[in-house]
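Pasting start.txt here (compact mmCIF, C-alpha atoms):
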# COMPACT_ATOMS: atom_id res chain seq x y z
CA MET W 1 145.50 114.83 -120.02
CA GLY W 2 144.40 115.74 -116.51
CA ILE W 3 141.02 115.56 -114.95
CA MET W 4 140.37 119.21 -115.51
CA GLY W 5 141.03 118.89 -119.19
CA LEU W 6 138.74 115.88 -119.52
CA ALA W 7 135.75 117.75 -118.33
CA LEU W 8 136.49 120.91 -120.19
CA ALA W 9 134.02 120.45 -122.97
CA TRP W 10 131.49 117.90 -121.82
CA GLU W 11 128.71 119.42 -123.79
CA THR W 12 130.60 118.97 -127.03
CA ARG W 13 132.00 115.54 -126.12
CA ILE W 14 128.71 113.93 -125.12
CA PRO W 15 126.88 112.81 -128.24
CA ALA W 16 123.29 113.53 -129.03
CA VAL W 17 122.15 110.10 -127.83
CA ALA W 18 123.54 110.73 -124.41
CA GLN W 19 121.98 114.18 -124.39
CA ARG W 20 118.57 112.65 -124.85
CA GLU W 21 119.17 110.25 -121.96
CA ARG W 22 120.02 112.92 -119.44
CA ARG W 23 117.81 112.95 -116.39
CA VAL W 24 117.21 116.32 -114.88
CA GLU W 25 115.64 116.55 -111.45
CA PRO W 26 112.60 118.74 -112.09
CA PHE W 27 111.26 116.50 -114.81
CA ARG W 28 111.45 113.26 -112.88
CA GLY W 29 107.93 113.43 -111.60
CA GLN W 30 106.44 114.69 -114.84
CA VAL W 31 107.81 112.21 -117.34
CA ALA W 32 105.39 109.44 -118.16
CA ALA W 33 108.07 106.80 -117.75
CA PRO W 34 107.02 104.07 -115.31
CA ASP W 35 108.12 104.64 -111.74
CA PRO W 36 109.60 101.38 -110.47
CA ALA W 37 108.82 102.19 -106.82
CA GLU W 38 105.15 102.94 -107.47
CA ALA W 39 104.37 100.45 -110.20
CA GLY W 40 106.16 97.58 -108.51
CA ARG W 41 104.71 98.02 -105.03
CA ALA W 42 102.40 95.03 -105.32
CA GLU W 43 105.11 92.90 -106.83
CA ASP W 44 107.50 94.05 -104.13
CA THR W 45 105.13 92.83 -101.41
CA ALA W 46 104.53 89.54 -103.20
CA LEU W 47 108.24 89.07 -103.71
CA ALA W 48 108.94 89.63 -100.02
CA ALA W 49 106.24 87.14 -99.04
CA ALA W 50 107.57 84.53 -101.46
CA CYS W 51 111.13 85.00 -100.24
CA ARG W 52 109.91 84.68 -96.65
CA SER W 53 108.31 81.35 -97.52
CA GLY W 54 111.70 80.16 -98.77
CA ASP W 55 110.76 79.98 -102.44
CA LEU W 56 114.01 80.03 -104.41
CA ARG W 57 112.14 81.19 -107.51
CA ALA W 58 111.36 84.41 -105.65
CA TYR W 59 115.06 85.02 -105.11
CA GLU W 60 115.63 84.30 -108.78
CA ARG W 61 112.98 86.88 -109.64
CA LEU W 62 114.65 89.38 -107.32
CA TYR W 63 117.92 88.72 -109.07
CA ALA W 64 116.35 89.02 -112.52
CA LEU W 65 114.78 92.36 -111.60
CA HIS W 66 117.59 93.97 -109.66
CA GLY W 67 120.69 91.79 -109.92
CA ALA W 68 122.35 93.84 -112.63
CA ARG W 69 121.70 97.10 -110.78
CA MET W 70 122.95 95.58 -107.56
CA LYS W 71 126.13 94.39 -109.20
CA ASN W 72 126.66 97.76 -110.88
CA LEU W 73 126.25 99.63 -107.58
CA ALA W 74 128.57 97.22 -105.81
CA ARG W 75 131.13 97.60 -108.54
CA ASN W 76 131.01 101.38 -108.31
CA ILE W 77 131.50 101.23 -104.54
CA LEU W 78 134.14 98.51 -104.51
CA GLY W 79 135.87 99.18 -107.84
CA SER W 80 136.10 95.49 -108.70
CA ALA W 81 133.73 93.21 -110.60
CA THR W 82 134.83 90.16 -108.61
CA ASP W 83 134.30 91.88 -105.27
CA ALA W 84 130.97 93.19 -106.54
CA GLU W 85 129.75 89.68 -107.40
CA ASP W 86 130.84 88.46 -103.96
CA ALA W 87 128.95 91.35 -102.35
CA VAL W 88 125.79 90.58 -104.33
CA GLN W 89 126.00 86.91 -103.34
CA GLU W 90 126.53 87.82 -99.70
CA THR W 91 123.58 90.22 -99.89
CA PHE W 92 121.27 87.44 -101.12
CA LEU W 93 122.41 85.22 -98.27
CA LYS W 94 121.80 88.00 -95.75
CA VAL W 95 118.35 88.60 -97.22
CA GLN W 96 117.54 84.91 -96.80
CA ARG W 97 118.81 84.92 -93.22
CA GLY W 98 117.05 88.14 -92.27
CA ILE W 99 113.79 87.93 -94.24
CA ALA W 100 111.91 86.81 -91.12
CA SER W 101 112.79 90.11 -89.46
CA PHE W 102 111.66 92.21 -92.46
CA ARG W 103 108.51 94.02 -91.29
CA GLY W 104 107.79 96.02 -94.43
CA GLN W 105 108.61 99.48 -93.04
CA SER W 106 110.35 100.16 -96.36
CA SER W 107 109.99 98.38 -99.66
CA PHE W 108 111.60 94.98 -99.96
CA VAL W 109 113.87 96.19 -102.76
CA THR W 110 114.94 99.22 -100.73
CA TRP W 111 115.71 96.92 -97.81
CA THR W 112 117.73 94.65 -100.09
CA PHE W 113 119.76 97.58 -101.42
CA ARG W 114 120.39 98.79 -97.87
CA ILE W 115 121.87 95.38 -97.10
CA LEU W 116 123.92 95.57 -100.28
CA VAL W 117 125.34 99.01 -99.45
CA ASN W 118 126.24 97.85 -95.94
CA THR W 119 127.77 94.66 -97.29
CA CYS W 120 129.90 96.67 -99.72
CA HIS W 121 131.16 98.92 -96.95
CA ASP W 122 131.87 95.91 -94.75
CA ALA W 123 133.89 94.47 -97.62
CA ARG W 124 135.78 97.74 -97.99
CA ARG W 125 136.52 97.84 -94.29
CA GLY W 126 137.72 94.24 -94.47
CA ARG W 127 139.98 95.20 -97.32
CA LEU W 128 141.23 98.13 -95.29
CA ARG W 129 142.05 95.95 -92.33
CA LYS W 130 144.00 93.65 -94.56
CA LYS W 131 145.98 96.57 -95.84
CA GLU W 132 146.39 97.93 -92.31
CA VAL W 133 145.21 101.34 -93.36
CA ALA W 134 143.71 103.74 -90.85
CA ALA W 135 139.94 103.38 -90.62
CA ASP W 136 139.14 107.05 -90.38
CA ASP W 137 136.70 107.85 -93.13
CA GLU W 138 138.31 111.16 -94.01
CA GLN W 139 141.64 109.47 -94.47
CA GLN W 140 140.02 106.61 -96.31
CA ARG W 141 139.12 108.88 -99.15
CA ASP W 142 142.66 108.85 -100.43
CA ASP W 143 143.97 105.59 -99.09
CA ALA W 144 141.02 103.26 -99.43
CA ALA W 145 139.38 104.63 -102.50
CA PRO W 146 138.27 101.90 -104.84
CA ARG W 147 140.81 101.24 -107.52
CA PRO W 148 138.70 101.13 -110.68
CA GLU W 149 139.57 98.23 -112.87
CA PRO W 150 139.26 98.30 -116.67
CA ARG W 151 135.73 97.89 -117.90
CA ALA W 152 134.12 97.00 -121.18
CA SER W 153 134.49 99.66 -123.84
CA VAL W 154 132.18 102.59 -123.27
CA ALA W 155 131.33 105.71 -125.16
CA HIS W 156 133.53 107.99 -123.03
CA PRO W 157 136.19 105.93 -121.27
CA SER W 158 138.23 108.95 -120.26
CA LEU W 159 135.17 110.74 -118.87
CA ARG W 160 134.21 107.66 -116.88
CA LEU W 161 137.71 107.26 -115.53
CA ALA W 162 137.80 110.90 -114.48
CA LEU W 163 134.41 110.54 -112.78
CA GLU W 164 135.47 107.37 -110.99
CA ARG W 165 138.59 109.06 -109.67
CA ALA W 166 136.64 112.08 -108.55
CA LEU W 167 134.00 109.90 -106.88
CA ALA W 168 136.71 108.11 -104.98
CA LYS W 169 137.65 111.41 -103.38
CA LEU W 170 134.15 112.11 -102.07
CA THR W 171 133.01 111.13 -98.60
CA ARG W 172 131.32 107.76 -98.26
CA HIS W 173 127.85 109.28 -97.92
CA GLN W 174 128.31 111.68 -100.82
CA ARG W 175 129.49 108.83 -103.04
CA ASP W 176 126.64 106.55 -101.98
CA VAL W 177 123.97 109.19 -102.56
CA PHE W 178 125.42 110.21 -105.95
CA LEU W 179 125.60 106.59 -107.14
CA LEU W 180 122.11 105.71 -105.88
CA TYR W 181 120.47 108.85 -107.27
CA GLU W 182 122.33 109.73 -110.42
CA VAL W 183 123.53 106.31 -111.53
CA GLU W 184 120.90 103.87 -110.25
CA GLY W 185 117.96 106.25 -110.43
CA PHE W 186 116.56 105.87 -106.93
CA ARG W 187 114.45 108.64 -105.40
CA HIS W 188 115.53 110.59 -102.35
CA ALA W 189 112.78 108.91 -100.32
CA GLU W 190 114.23 105.51 -101.20
CA ILE W 191 117.81 106.62 -100.59
CA SER W 192 116.91 108.06 -97.20
CA SER W 193 115.50 104.67 -96.26
CA MET W 194 118.53 102.79 -97.57
CA LEU W 195 121.10 104.98 -95.87
CA GLU W 196 118.94 105.68 -92.79
CA ILE W 197 119.12 109.44 -93.22
CA SER W 198 116.42 112.06 -93.74
CA GLU W 199 115.20 112.95 -97.20
CA ALA W 200 116.49 116.50 -96.73
CA ALA W 201 119.90 115.11 -95.79
CA SER W 202 119.87 112.98 -98.92
CA LYS W 203 119.14 116.04 -101.07
CA ASN W 204 121.80 118.12 -99.35
CA THR W 205 124.37 115.34 -99.60
CA LEU W 206 123.70 115.01 -103.32
CA PHE W 207 124.08 118.77 -103.72
CA GLN W 208 127.41 118.74 -101.89
CA ALA W 209 128.57 115.71 -103.86
CA LYS W 210 127.82 117.38 -107.19
CA LYS W 211 129.45 120.62 -106.09
CA ASN W 212 132.60 118.74 -105.14
CA LEU W 213 132.57 116.72 -108.35
CA ARG W 214 132.24 119.89 -110.40
CA GLN W 215 135.21 121.42 -108.63
CA MET W 216 137.28 118.33 -109.28
CA LEU W 217 136.22 117.81 -112.88
CA GLU W 218 135.87 121.31 -114.27
CA PRO W 219 138.74 123.46 -115.40
CA PRO W 220 139.32 126.80 -113.73
CA ARG W 221 137.02 129.48 -115.04
CA GLY W 222 139.87 131.35 -116.61
CA SER W 223 141.08 128.46 -118.71
CA TYR W 224 137.50 127.64 -119.77
CA ALA W 225 137.01 131.16 -120.91
CA ALA W 226 140.29 131.01 -122.79
CA GLY W 227 139.33 127.69 -124.37
CA ALA W 228 135.91 128.99 -125.37
CA ARG W 229 137.49 131.79 -127.22
CA MET V 1 108.02 133.20 -111.53
CA ASN V 2 110.89 135.67 -111.16
CA LEU V 3 114.03 134.55 -109.46
CA THR V 4 117.58 135.77 -108.97
CA CYS V 5 121.00 134.17 -109.35
CA LYS V 6 121.17 133.84 -105.53
CA GLU V 7 118.38 131.24 -105.59
CA ARG V 8 120.22 129.00 -108.01
CA ASP V 9 121.96 126.76 -105.46
CA ARG V 10 118.78 126.30 -103.45
CA ILE V 11 116.97 125.15 -106.60
CA PHE V 12 119.86 122.84 -107.45
CA GLU V 13 119.50 121.28 -104.00
CA ASP V 14 115.76 121.07 -103.57
CA GLY V 15 113.91 123.01 -106.25
CA THR V 16 110.38 122.25 -107.37
CA ALA V 17 109.52 121.59 -111.02
CA ALA V 18 108.18 125.14 -111.33
CA GLU V 19 111.36 126.58 -109.85
CA TRP V 20 113.52 124.58 -112.27
CA ALA V 21 111.43 125.85 -115.16
CA ALA V 22 111.85 129.38 -113.86
CA LEU V 23 115.59 128.83 -113.58
CA GLU V 24 115.73 127.64 -117.17
CA GLY V 25 113.90 130.81 -118.18
CA HIS V 26 116.23 132.96 -116.13
CA ALA V 27 119.30 131.20 -117.61
CA ALA V 28 118.20 132.22 -121.10
CA ASN V 29 119.09 135.80 -120.21
CA CYS V 30 121.89 135.15 -117.67
CA VAL V 31 125.24 133.86 -118.92
CA SER V 32 126.48 132.89 -115.45
CA CYS V 33 123.36 130.87 -114.57
CA ALA V 34 123.28 129.29 -118.05
CA GLU V 35 126.83 128.03 -117.57
CA GLU V 36 126.07 126.75 -114.06
CA LEU V 37 122.94 125.00 -115.24
CA ARG V 38 124.74 123.37 -118.15
CA SER V 39 127.54 122.22 -115.89
CA TRP V 40 125.11 120.89 -113.28
CA LYS V 41 123.14 118.88 -115.79
CA SER V 42 126.33 117.55 -117.33
CA LEU V 43 127.09 115.70 -114.11
CA SER V 44 123.86 113.75 -114.42
CA VAL V 45 124.71 112.93 -118.02
CA ALA V 46 128.21 111.85 -117.05
CA ALA V 47 126.78 109.60 -114.32
CA ALA V 48 125.28 107.48 -117.07
CA GLU V 49 128.82 106.44 -117.91
CA LEU V 50 128.86 104.51 -114.65
CA ARG V 51 125.92 102.35 -115.66
CA GLU V 52 127.14 99.04 -116.94
CA TYR V 53 124.45 96.44 -116.61
CA THR V 54 126.36 93.52 -118.06
CA GLU V 55 125.30 89.89 -117.85
CA SER V 56 127.07 87.59 -115.40
CA PRO V 57 125.91 84.11 -116.44
CA ALA V 58 127.76 82.35 -113.64
CA LEU V 59 126.58 84.62 -110.84
CA TRP V 60 122.97 83.46 -110.39
CA PRO V 61 123.84 79.72 -110.34
CA ARG V 62 126.46 80.52 -107.72
CA ILE V 63 123.98 82.49 -105.61
CA ARG V 64 121.29 79.80 -106.01
CA HIS V 65 123.71 77.13 -104.85
CA SER V 66 124.72 79.08 -101.75
CA LEU V 67 121.06 79.91 -100.99
CA THR V 68 120.14 76.22 -101.21
CA GLU V 69 122.99 75.27 -98.89
CA GLN V 70 122.07 77.96 -96.40
CA ALA V 71 118.37 77.00 -96.48
CA ALA V 72 119.32 73.38 -95.75
CA SER V 73 121.50 74.40 -92.84
CA ILE V 74 118.73 76.65 -91.46
CA GLN V 75 116.27 73.73 -91.67
CA LYS V 76 118.79 71.48 -89.94
CA GLY V 77 119.22 74.03 -87.18
CA ARG V 78 115.46 74.25 -86.68
CA LYS V 79 115.11 70.48 -86.34
CA ARG V 80 117.88 70.26 -83.74
CA TRP V 81 116.15 70.42 -80.37
CA SER V 82 117.64 72.64 -77.73
CA TRP V 83 116.65 74.24 -74.46
CA ARG V 84 116.69 77.58 -76.23
CA SER V 85 114.09 76.42 -78.73
CA LEU V 86 111.87 75.38 -75.81
CA PHE V 87 111.84 78.92 -74.45
CA ALA V 88 111.82 80.69 -77.81
CA PRO V 89 108.03 81.30 -77.92
CA PHE V 90 108.15 83.19 -74.59
CA SER V 91 109.16 86.79 -74.14
CA PHE V 92 112.39 87.71 -72.38
CA SER V 93 110.58 88.74 -69.17
CA TRP V 94 108.78 85.40 -68.97
CA GLN V 95 112.03 83.58 -69.57
CA THR V 96 113.61 85.59 -66.73
CA ALA V 97 110.70 84.79 -64.39
CA ALA V 98 110.92 81.09 -65.24
CA ALA V 99 114.67 81.08 -64.66
CA THR V 100 114.21 82.83 -61.27
CA ALA V 101 111.56 80.30 -60.19
CA PHE V 102 113.80 77.45 -61.27
CA VAL V 103 116.72 78.82 -59.24
CA ALA V 104 114.48 79.27 -56.18
CA VAL V 105 113.24 75.65 -56.39
CA LEU V 106 116.82 74.50 -56.82
CA MET V 107 117.98 76.42 -53.72
CA ILE V 108 115.11 75.14 -51.55
CA SER V 109 115.80 71.56 -52.63
CA ALA V 110 119.51 71.98 -51.93
CA GLY V 111 118.74 73.49 -48.49
CA TRP V 112 116.50 70.53 -47.63
CA LEU V 113 119.05 67.96 -48.73
CA LEU V 114 121.99 69.70 -47.08
CA ARG V 115 120.25 70.56 -43.75
CA PRO V 116 122.33 69.77 -40.58
CA ASN V 117 122.35 66.05 -39.69
CA LYS V 118 120.43 65.08 -36.55
CA PRO V 119 121.15 61.85 -34.63
CA PRO V 120 119.54 58.96 -36.43
CA ILE V 121 116.21 58.08 -35.01
CA GLN V 122 116.04 54.40 -34.09
CA GLU V 123 113.01 52.41 -35.04
CA GLY V 124 110.81 51.91 -31.97
CA SER V 125 112.66 54.47 -29.83
CA LEU V 126 109.69 56.81 -29.94
CA LEU V 127 106.95 56.03 -27.41
CA LYS V 128 103.43 55.86 -28.71
CA SER V 129 100.83 57.95 -26.90
CA LYS V 130 99.28 55.08 -24.87
CA ALA V 131 102.67 53.73 -23.72
CA LEU V 132 103.76 57.28 -22.94
CA THR V 133 100.78 57.79 -20.60
CA GLU V 134 101.61 54.55 -18.77
CA VAL V 135 105.27 55.55 -18.41
CA GLU V 136 104.32 58.99 -17.11
CA HIS V 137 101.99 57.45 -14.50
CA ALA V 138 104.62 54.94 -13.36
CA GLU V 139 107.28 57.65 -13.29
CA SER V 140 105.04 59.93 -11.25
CA ALA V 141 104.40 57.17 -8.69
CA TYR V 142 108.12 56.35 -8.61
CA VAL V 143 109.03 60.01 -8.05
CA GLN V 144 106.52 60.28 -5.21
CA ALA V 145 108.02 57.18 -3.56
CA ILE V 146 111.54 58.61 -3.91
CA ASP V 147 110.31 61.95 -2.49
CA ARG V 148 109.03 60.10 0.56
CA LEU V 149 112.45 58.45 1.00
CA ALA V 150 114.06 61.90 0.61
CA ALA V 151 111.75 63.29 3.28
CA ASP V 152 112.85 60.51 5.69
CA ALA V 153 116.52 61.15 4.95
CA LYS V 154 116.22 64.94 5.04
CA PRO V 155 117.51 65.43 8.67
CA GLN V 156 120.75 63.53 7.91
CA ILE V 157 121.23 65.26 4.60
CA ASP V 158 120.68 68.78 5.93
CA ASN V 159 122.97 68.19 8.96
CA PRO V 160 125.67 65.78 7.89
CA ALA V 161 127.32 64.34 11.02
CA THR V 162 130.09 62.47 9.25
CA PRO V 163 132.23 63.12 6.12
CA LEU V 164 130.48 60.14 4.47
CA MET V 165 127.14 61.82 4.99
CA GLY V 166 128.63 64.99 3.49
CA ASN V 167 129.60 62.99 0.42
CA TYR V 168 126.06 61.58 0.14
CA ARG V 169 124.71 65.12 0.31
CA GLU V 170 127.01 66.26 -2.53
CA LYS V 171 126.04 63.20 -4.59
CA LEU V 172 122.32 63.90 -4.13
CA LEU V 173 122.82 67.55 -5.24
CA VAL V 174 124.55 66.34 -8.41
CA LEU V 175 121.83 63.72 -9.02
CA ASP V 176 119.03 66.28 -8.49
CA SER V 177 120.72 68.63 -10.93
CA ALA V 178 121.02 65.86 -13.53
CA ILE V 179 117.38 64.83 -12.92
CA ASP V 180 116.22 68.44 -13.44
CA ASP V 181 118.11 68.63 -16.76
CA LEU V 182 116.69 65.33 -17.97
CA ARG V 183 113.15 66.27 -16.93
CA ALA V 184 113.50 69.51 -18.87
CA GLN V 185 114.60 67.53 -21.96
CA THR V 186 111.81 64.97 -21.61
CA GLY V 187 109.37 67.86 -21.25
CA GLN V 188 110.44 69.06 -24.70
CA ASN V 189 110.53 65.57 -26.17
CA PRO V 190 108.20 63.36 -24.07
CA SER V 191 108.15 60.49 -26.58
CA ASN V 192 111.91 59.95 -26.48
CA ALA V 193 112.35 56.62 -24.71
CA HIS V 194 116.13 57.10 -24.51
CA LEU V 195 115.69 60.15 -22.31
CA ARG V 196 113.17 58.29 -20.20
CA TYR V 197 115.69 55.45 -19.62
CA GLU V 198 118.38 57.94 -18.57
CA LEU V 199 115.95 59.68 -16.22
CA LEU V 200 114.97 56.29 -14.76
CA ALA V 201 118.67 55.49 -14.17
CA MET V 202 119.09 58.79 -12.29
CA TYR V 203 116.04 58.13 -10.13
CA GLN V 204 117.31 54.60 -9.38
CA GLU V 205 120.69 56.04 -8.36
CA LYS V 206 118.95 58.59 -6.14
CA GLN V 207 116.82 55.81 -4.63
CA ARG V 208 120.00 53.72 -3.84
CA THR V 209 121.73 56.76 -2.34
CA LEU V 210 118.75 57.62 -0.15
CA GLU V 211 118.48 53.95 0.98
CA GLU V 212 122.21 54.00 1.92
CA ILE V 213 121.67 57.21 3.91
CA LEU V 214 118.74 55.62 5.78
CA GLU V 215 120.88 52.46 6.39
CA GLU V 216 123.55 54.67 7.97
CA LYS V 217 120.90 56.27 10.20
CA ARG V 218 119.94 52.89 11.61
Target format structure tokens, applied to this file:
Amino acid sequence: MGIMGLALAWETRIPAVAQRERRVEPFRGQVAAPDPAEAGRAEDTALAAACRSGDLRAYERLYALHGARMKNLARNILGSATDAEDAVQETFLKVQRGIASFRGQSSFVTWTFRILVNTCHDARRGRLRKKEVAADDEQQRDDAAPRPEPRASVAHPSLRLALERALAKLTRHQRDVFLLYEVEGFRHAEISSMLEISEAASKNTLFQAKKNLRQMLEPPRGSYAAGAR
Amino acid sequence: MNLTCKERDRIFEDGTAAEWAALEGHAANCVSCAEELRSWKSLSVAAAELREYTESPALWPRIRHSLTEQAASIQKGRKRWSWRSLFAPFSFSWQTAAATAFVAVLMISAGWLLRPNKPPIQEGSLLKSKALTEVEHAESAYVQAIDRLAADAKPQIDNPATPLMGNYREKLLVLDSAIDDLRAQTGQNPSNAHLRYELLAMYQEKQRTLEEILEEKR
């Protein structure tokens, strides 16, 4: 079954539970769910101060709060759980080394994720050099795309696999923005700070990423129409 | 809020909550927009498939261990004294100024130490002011006495009758020239006893020569 076929009937394949979980942009600000960026601002500042003082318990707290999300993001960028764990470890070390230079222009968590994203891309480049593949980003899309490794059983393994393959064909920025926004739930303001782009650029990049993903995942209109009948 | 199908992409990219609500309303009566909206939302739902927040029991201990090691090495590095740590509290411009001043002091010191060597000055070779005054008085009296001798010998010197007298004349010219040079040097360095001794030797030679000329006259 090809990618096109996988995505043919998402609406019918995705169960009701998943339907309830969907996050649609316009409702983000209205839902009463706690906003991690707003609610955790005080804790973020305290965490940064504790890390700056060298308190290992602060790093443990950072890991407890964001470690799983960090590892998930790293895994989606690198395509390997082992590489992802290495990247998370390296990120913590970089945070410890660079905490003195953190001035609080962005949130501490945002700063940490920026380091993580950069560390992941450094790791990918290192992998590329080892494989002696051309470093041009456009060419990387095919050659250096993360090779997703098998994961724990999920509700829609074929859908995930199709999405992972499609994501691998996006540009680096489109993939990063899609993963940070749609998968990890960051806001555009946070993403713009992490990727050092404007908020408008983050929104536009997400739009382009989703357009490209739709083209890659959806069947041609004709075949959908035929299937619907 | 009324909107058209053309506004759909703009709302997908950066629509407000009200615009999304309007789009939902519009999609209820527009098959094309309904399909686009469903497809667009499906991507967000599918993204959930990429969330896998599994436990990694060994990861935190590993990170903690490496953090502890790195913290220890950072502490060690701080304790190790270095020239760089001495200048660390100062800004780059101050460090540059300090380095420039240091180089200037170094160059002046080197210039002083490597200045051209002058003849070694012997202990006691410099005349003290009182002794110098006495020498100058004695020299002046001696020069006047020699000038008187020269005045007596002047007719023979100016009109040399014999080749010997001609030789005396040439010798006196050379001695006068040497005396002028030495007097010029002692004028610049009056306390130099060595120059004074040389000048005295020249005057003595001139005195002997003049005495020989006067002996010849008799």
Calculate, to one decimal in Å, the centre and edge lengths of the box along x, y and z of the file that holds all listed atoms of region 143-162 of chain V with 8 Å of margin on each side, and present them as lines of an AutoDock Vina configuration file.
center_x = 118.3
center_y = 63.0
center_z = 1.5
size_x = 39.6
size_y = 27.6
size_z = 35.1
Please report the interatomic distance between CA of Val95 (chain W) and CA of Thr119 (chain W) in Å with one decimal.
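That distance, rounded to one decimal, is 11.2 Å.
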Using only C-alpha atoms, which chain V residues lie at most 9 Å away from chain W, written as an MDAnalysis selection string?
chainID V and resid 9 12:21 38:56 59:60 62:64 66:68 70:71 74
Please, what distance in Å, to one decimal, runs between CA of Ala58 (chain W) and CA of Phe113 (chain W)?
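Between these atoms lies a distance of 16.2 Å.
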CA of Leu128 (chain W) to CA of Ala84 (chain W), distance in Å rounded to a single decimal
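Between CA of Leu128 (chain W) and CA of Ala84 (chain W) the gap works out to 16.0 Å.
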